[in-house]
file final-v6.pdb (PDB, C-alpha atoms)
ATOM      1  CA  MET A   1      75.605 253.957 207.255
ATOM      2  CA  PRO A   2      78.838 254.717 209.163
ATOM      3  CA  PRO A   3      81.948 255.201 207.032
ATOM      4  CA  SER A   4      83.487 251.977 208.340
ATOM      5  CA  MET A   5      80.588 249.993 206.832
ATOM      6  CA  SER A   6      81.235 251.203 203.300
ATOM      7  CA  LYS A   7      82.431 248.715 200.713
ATOM      8  CA  ASN A   8      83.859 251.477 198.538
ATOM      9  CA  ALA A   9      86.247 253.911 200.216
ATOM     10  CA  SER A  10      86.803 255.944 197.034
ATOM     11  CA  TYR A  11      83.891 258.223 198.008
ATOM     12  CA  SER A  12      85.547 259.327 201.262
ATOM     13  CA  ILE A  13      86.626 262.925 201.810
ATOM     14  CA  ASP A  14      89.376 263.914 204.245
ATOM     15  CA  LEU A  15      87.892 266.856 206.125
ATOM     16  CA  LEU A  16      90.960 267.623 208.245
ATOM     17  CA  ASN A  17      92.991 268.615 205.203
ATOM     18  CA  LEU A  18      90.204 270.622 203.583
ATOM     19  CA  GLY A  19      91.444 274.057 202.564
ATOM     20  CA  ALA A  20      89.718 277.403 203.085
ATOM     21  CA  GLY A  21      87.913 277.338 199.728
ATOM     22  CA  PRO A  22      85.239 274.890 198.640
ATOM     23  CA  LEU A  23      86.249 271.395 197.555
ATOM     24  CA  ASP A  24      84.634 270.052 194.379
ATOM     25  CA  CYS A  25      84.564 266.300 193.789
ATOM     26  CA  LYS A  26      83.267 264.580 190.668
ATOM     27  CA  TRP A  27      82.605 260.888 190.243
ATOM     28  CA  GLN A  28      80.830 258.657 187.805
ATOM     29  CA  VAL A  29      79.104 255.713 189.465
ATOM     30  CA  GLY A  30      78.085 252.594 187.566
ATOM     31  CA  ALA A  31      77.459 248.877 187.956
ATOM     32  CA  PRO A  32      80.275 248.176 190.479
ATOM     33  CA  PHE A  33      78.926 250.926 192.768
ATOM     34  CA  PHE A  34      75.372 249.530 192.748
ATOM     35  CA  GLU A  35      76.521 245.899 193.013
ATOM     36  CA  ALA A  36      78.646 246.689 196.082
ATOM     37  CA  LEU A  37      75.652 248.183 197.878
ATOM     38  CA  GLU A  38      73.454 245.129 197.164
ATOM     39  CA  GLN A  39      70.195 247.104 197.035
ATOM     40  CA  ASP A  40      67.065 245.889 195.220
ATOM     41  CA  LEU A  41      65.798 249.093 193.612
ATOM     42  CA  VAL A  42      68.774 250.162 191.482
ATOM     43  CA  THR A  43      70.786 247.357 189.905
ATOM     44  CA  ASP A  44      72.870 249.226 187.330
ATOM     45  CA  GLY A  45      73.292 252.610 185.729
ATOM     46  CA  LEU A  46      75.662 255.415 184.927
ATOM     47  CA  VAL A  47      75.333 258.526 187.067
ATOM     48  CA  ASP A  48      77.541 261.612 187.259
ATOM     49  CA  VAL A  49      77.915 262.853 190.839
ATOM     50  CA  THR A  50      79.154 266.315 191.787
ATOM     51  CA  LEU A  51      79.859 267.062 195.440
ATOM     52  CA  ARG A  52      80.822 270.509 196.757
ATOM     53  CA  ILE A  53      81.983 270.860 200.360
ATOM     54  CA  LYS A  54      82.345 274.266 202.010
ATOM     55  CA  LYS A  55      83.895 274.746 205.413
ATOM     56  CA  LYS A  56      81.684 276.834 207.693
ATOM     57  CA  THR A  57      82.204 278.254 211.167
ATOM     58  CA  ALA A  58      80.344 275.357 212.790
ATOM     59  CA  GLY A  59      80.990 272.446 210.454
ATOM     60  CA  TYR A  60      80.612 271.888 206.731
ATOM     61  CA  GLU A  61      77.980 272.422 204.073
ATOM     62  CA  VAL A  62      77.681 269.766 201.366
ATOM     63  CA  ASN A  63      75.799 270.180 198.074
ATOM     64  CA  MET A  64      75.365 267.150 195.845
ATOM     65  CA  HIS A  65      74.036 266.946 192.300
ATOM     66  CA  ILE A  66      73.396 263.741 190.360
ATOM     67  CA  GLU A  67      72.577 263.320 186.672
ATOM     68  CA  GLY A  68      72.377 260.150 184.566
ATOM     69  CA  TYR A  69      70.365 256.963 184.294
ATOM     70  CA  VAL A  70      69.751 253.844 186.337
ATOM     71  CA  THR A  71      68.436 250.378 185.557
ATOM     72  CA  ILE A  72      65.419 249.438 187.651
ATOM     73  CA  PRO A  73      62.626 246.857 187.348
ATOM     74  CA  CYS A  74      59.506 247.969 185.461
ATOM     75  CA  ASP A  75      56.465 248.139 187.752
ATOM     76  CA  ARG A  76      54.299 246.501 185.071
ATOM     77  CA  CYS A  77      56.370 243.644 183.617
ATOM     78  CA  LEU A  78      59.271 243.447 186.133
ATOM     79  CA  GLU A  79      61.847 243.469 183.320
ATOM     80  CA  PRO A  80      64.814 245.862 183.661
ATOM     81  CA  MET A  81      64.286 249.340 182.256
ATOM     82  CA  ARG A  82      66.371 252.457 181.884
ATOM     83  CA  GLN A  83      65.221 255.452 183.962
ATOM     84  CA  GLU A  84      66.715 258.933 183.697
ATOM     85  CA  VAL A  85      67.555 260.476 187.089
ATOM     86  CA  SER A  86      68.498 263.958 188.190
ATOM     87  CA  GLY A  87      68.546 265.396 191.670
ATOM     88  CA  ASP A  88      70.127 267.539 194.326
ATOM     89  CA  ALA A  89      70.778 267.064 198.016
ATOM     90  CA  GLU A  90      72.074 269.313 200.759
ATOM     91  CA  LEU A  91      73.820 267.978 203.841
ATOM     92  CA  LYS A  92      75.346 269.538 206.908
ATOM     93  CA  ILE A  93      78.300 268.037 208.748
ATOM     94  CA  GLN A  94      78.768 268.879 212.396
ATOM     95  CA  GLU A  95      80.976 267.680 215.207
ATOM     96  CA  GLY A  96      79.437 265.600 218.001
ATOM     97  CA  ASP A  97      80.020 262.744 220.418
ATOM     98  CA  GLU A  98      79.422 259.852 217.990
ATOM     99  CA  PHE A  99      78.765 259.220 214.310
ATOM    100  CA  CYS A 100      75.176 259.752 213.166
ATOM    101  CA  ASP A 101      73.747 260.292 209.674
ATOM    102  CA  ASP A 102      70.051 261.190 209.621
ATOM    103  CA  GLY A 103      70.031 261.968 205.896
ATOM    104  CA  GLN A 104      70.337 265.741 206.285
ATOM    105  CA  VAL A 105      72.852 266.189 209.097
ATOM    106  CA  ILE A 106      75.949 264.048 209.521
ATOM    107  CA  THR A 107      77.432 264.186 213.002
ATOM    108  CA  ILE A 108      81.031 263.057 213.305
ATOM    109  CA  PRO A 109      83.247 262.616 216.370
ATOM    110  CA  ALA A 110      86.177 265.021 216.710
ATOM    111  CA  ASP A 111      88.713 262.247 216.014
ATOM    112  CA  MET A 112      87.095 261.239 212.717
ATOM    113  CA  GLN A 113      89.013 262.792 209.869
ATOM    114  CA  SER A 114      87.122 261.563 206.809
ATOM    115  CA  VAL A 115      83.522 261.026 205.809
ATOM    116  CA  ASP A 116      82.370 258.408 203.326
ATOM    117  CA  PHE A 117      79.562 259.688 201.084
ATOM    118  CA  THR A 118      78.783 256.331 199.423
ATOM    119  CA  TRP A 119      75.419 255.867 201.106
ATOM    120  CA  ASN A 120      74.469 259.544 200.655
ATOM    121  CA  ILE A 121      75.172 259.246 196.920
ATOM    122  CA  TYR A 122      73.012 256.122 196.689
ATOM    123  CA  GLU A 123      70.171 257.768 198.634
ATOM    124  CA  CYS A 124      70.217 260.816 196.357
ATOM    125  CA  ILE A 125      70.028 258.534 193.305
ATOM    126  CA  ALA A 126      67.287 256.320 194.781
ATOM    127  CA  LEU A 127      65.198 259.337 195.808
ATOM    128  CA  SER A 128      65.443 260.655 192.245
ATOM    129  CA  VAL A 129      63.701 257.561 190.851
ATOM    130  CA  PRO A 130      60.022 258.340 190.171
ATOM    131  CA  ILE A 131      57.484 256.524 192.349
ATOM    132  CA  SER A 132      55.921 254.880 189.309
ATOM    133  CA  HIS A 133      58.313 253.572 186.694
ATOM    134  CA  THR A 134      57.111 251.623 183.690
ATOM    135  CA  HIS A 135      58.246 251.028 180.151
ATOM    136  CA  PRO A 136      56.565 253.227 177.533
ATOM    137  CA  GLU A 137      53.277 251.715 176.275
ATOM    138  CA  GLY A 138      53.991 248.673 174.100
ATOM    139  CA  MET A 139      57.589 248.234 175.308
ATOM    140  CA  CYS A 140      56.945 245.799 178.187
ATOM    141  CA  ASP A 141      57.855 242.137 177.889
ATOM    142  CA  SER A 142      55.243 240.639 175.525
ATOM    143  CA  LYS A 143      54.826 237.384 177.475
ATOM    144  CA  MET A 144      54.230 239.244 180.736
ATOM    145  CA  THR A 145      51.819 241.665 179.042
ATOM    146  CA  GLU A 146      49.885 238.717 177.642
ATOM    147  CA  LEU A 147      49.662 237.129 181.110
ATOM    148  CA  LEU A 148      48.562 240.405 182.690
ATOM    149  CA  ASN A 149      45.855 240.899 180.080
ATOM    150  CA  GLU A 150      44.696 237.306 180.474
ATOM    151  CA  HIS A 151      44.283 237.714 184.237
ATOM    152  CA  SER A 152      43.021 241.297 184.382
ATOM    153  CA  ALA A 153      39.477 242.068 185.460
ATOM    154  CA  ALA A 154      38.831 243.927 182.191
ATOM    155  CA  SER A 155      39.266 240.738 180.181
ATOM    156  CA  LYS A 156      36.660 238.814 182.170
ATOM    157  CA  SER A 157      33.000 239.132 181.294
ATOM    158  CA  ASP A 158      30.510 239.701 184.100
ATOM    159  CA  PRO A 159      26.992 238.523 183.166
ATOM    160  CA  ARG A 160      25.366 241.281 185.255
ATOM    161  CA  TRP A 161      27.161 244.006 183.286
ATOM    162  CA  ASP A 162      26.493 242.202 180.026
ATOM    163  CA  ALA A 163      22.732 242.337 180.792
ATOM    164  CA  LEU A 164      22.957 246.075 181.530
ATOM    165  CA  LYS A 165      24.942 246.684 178.351
ATOM    166  CA  SER A 166      22.253 244.920 176.313
ATOM    167  CA  LEU A 167      19.553 247.101 177.933
ATOM    168  CA  LYS A 168      21.547 250.232 177.076
ATOM    169  CA  ALA A 169      22.067 249.029 173.532
ATOM    170  CA  ASP A 170      18.313 248.404 173.184
ATOM    171  CA  GLU A 171      17.535 251.987 174.372
ATOM    172  CA  GLU A 172      20.032 253.523 171.943
ATOM    173  CA  GLY A 173      18.942 251.417 168.981
TER     174      GLY A 173
END

call {"tool": "encode", "arguments": {"input": "final-v6.pdb", "output": "structure tokens"}}
result
Amino acid sequence: MPPSMSKNASYSIDLLNLGAGPLDCKWQVGAPFFEALEQDLVTDGLVDVTLRIKKKTAGYEVNMHIEGYVTIPCDRCLEPMRQEVSGDAELKIQEGDEFCDDGQVITIPADMQSVDFTWNIYECIALSVPISHTHPEGMCDSKMTELLNEHSAASKSDPRWDALKSLKADEEG
């Protein structure tokens, strides 16, 4: 996402005025951040973001760390659930003809003086969410759990298996 597309310019860093030493930035992102991005996976949360930018001979090196929690839908009952997240990301910034962000290397034109890290922050958070995310056993919405149990294959009796079970029971008894 190019910097001009961002809805939240407070995550932009002015690279032209970056000193010789590393620059450390700290933010805490919450509901307004996630609402502005209008993404389906993460709808809320509170995440601490630390960004360190070091000027190198041929560009910049960016290290990002995130730590906190997000609110996402449970895979089982679809109700919101709290999920702890923690992660790191490394980015390189280099100069080029036009803006390009492939997730690991950000290429910026020579006349661009600041880079917006909003989308990179969101990606780091989203990639920290486990593939499978469900409430702990017994914590899902009771109505949805009841519906799932009612419609699951395990709750339906198959006469063929019932006949085999009775044969097994006869052998054991």

call {"tool": "resolve_selection", "arguments": {"input": "final-v6.pdb", "expression": "the PyMOL selection byres ((chain A and resi 31) around 8)", "output": "ChimeraX atom specification"}}
result
/A:29-30,32-35,43-46

call {"tool": "resolve_selection", "arguments": {"input": "final-v6.pdb", "expression": "the PyMOL selection byres ((chain A and resi 121-138) around 7)", "output": "compact mmCIF listing (two decimals) with C-alpha atoms, keeping the file's coordinate frame"}}
result
# COMPACT_ATOMS: atom_id res chain seq x y z
CA ILE A 66 73.40 263.74 190.36
CA CYS A 74 59.51 247.97 185.46
CA ASP A 75 56.46 248.14 187.75
CA ARG A 76 54.30 246.50 185.07
CA MET A 81 64.29 249.34 182.26
CA VAL A 85 67.56 260.48 187.09
CA SER A 86 68.50 263.96 188.19
CA GLY A 87 68.55 265.40 191.67
CA ALA A 89 70.78 267.06 198.02
CA PHE A 117 79.56 259.69 201.08
CA THR A 118 78.78 256.33 199.42
CA TRP A 119 75.42 255.87 201.11
CA ASN A 120 74.47 259.54 200.66
CA MET A 139 57.59 248.23 175.31
CA CYS A 140 56.94 245.80 178.19

call {"tool": "residues_around", "arguments": {"input": "final-v6.pdb", "residues": "Glu84 (chain A)", "least_positions_apart": "2", "cutoff": "7 Å", "atoms": "only C-alpha atoms", "output": "mmCIF file with C-alpha atoms, keeping the file's coordinate frame"}}
result
data_model
loop_
_atom_site.group_PDB
_atom_site.id
_atom_site.type_symbol
_atom_site.label_atom_id
_atom_site.label_comp_id
_atom_site.auth_asym_id
_atom_site.auth_seq_id
_atom_site.Cartn_x
_atom_site.Cartn_y
_atom_site.Cartn_z
ATOM 1 C CA GLY A 68 72.377 260.150 184.566
ATOM 2 C CA TYR A 69 70.365 256.963 184.294
ATOM 3 C CA VAL A 70 69.751 253.844 186.337
ATOM 4 C CA ARG A 82 66.371 252.457 181.884
ATOM 5 C CA SER A 86 68.498 263.958 188.190
#

call {"tool": "atom_distance", "arguments": {"input": "final-v6.pdb", "atom1": "CA of Pro80 (chain A)", "atom2": "CA of Glu67 (chain A)"}}
result
19.3 Å

call {"tool": "residues_near_point", "arguments": {"input": "final-v6.pdb", "point": "(77.7, 259.5, 215.6)", "cutoff": "12 Å", "atoms": "all atoms listed in the file", "output": "list in words"}}
result
Met1, Pro2, Pro3, Ser4, Ile93, Gln94, Glu95, Gly96, Asp97, Glu98, Phe99, Cys100, Asp101, Asp102, Val105, Ile106, Thr107, Ile108, Pro109, Ala110, Asp111, Met112 and Val115 of chain A

call {"tool": "closest_residue", "arguments": {"input": "final-v6.pdb", "among": "A:Lys168, A:His65, A:Lys26, A:Arg160", "to": "Leu91 (chain A)", "atoms": "all atoms listed in the file"}}
result
A:His65

call {"tool": "closest_residue", "arguments": {"input": "final-v6.pdb", "among": "A:Ala36, A:Val62, A:Leu167, A:Leu147", "to": "Leu23 (chain A)", "atoms": "only C-alpha atoms"}}
result
A:Val62

call {"tool": "residues_around", "arguments": {"input": "final-v6.pdb", "residues": "Asp141 (chain A)", "least_positions_apart": "6", "cutoff": "9 Å", "atoms": "only C-alpha atoms", "output": "PyMOL selection string"}}
result
chain A and resi 77-79

call {"tool": "atom_distance", "arguments": {"input": "final-v6.pdb", "atom1": "CA of Pro73 (chain A)", "atom2": "CA of Thr50 (chain A)"}}
result
25.9 Å

call {"tool": "atom_distance", "arguments": {"input": "final-v6.pdb", "atom1": "CA of Asp88 (chain A)", "atom2": "CA of Asn63 (chain A)"}}
result
7.3 Å

call {"tool": "closest_residue", "arguments": {"input": "final-v6.pdb", "among": "A:Gln39, A:Ser114, A:Leu164, A:Gln83", "to": "Leu15 (chain A)", "atoms": "all atoms listed in the file"}}
result
A:Ser114

call {"tool": "closest_residue", "arguments": {"input": "final-v6.pdb", "among": "A:Ile72, A:Ser12, A:Gln104, A:Met144", "to": "Val42 (chain A)", "atoms": "all atoms listed in the file"}}
result
A:Ile72
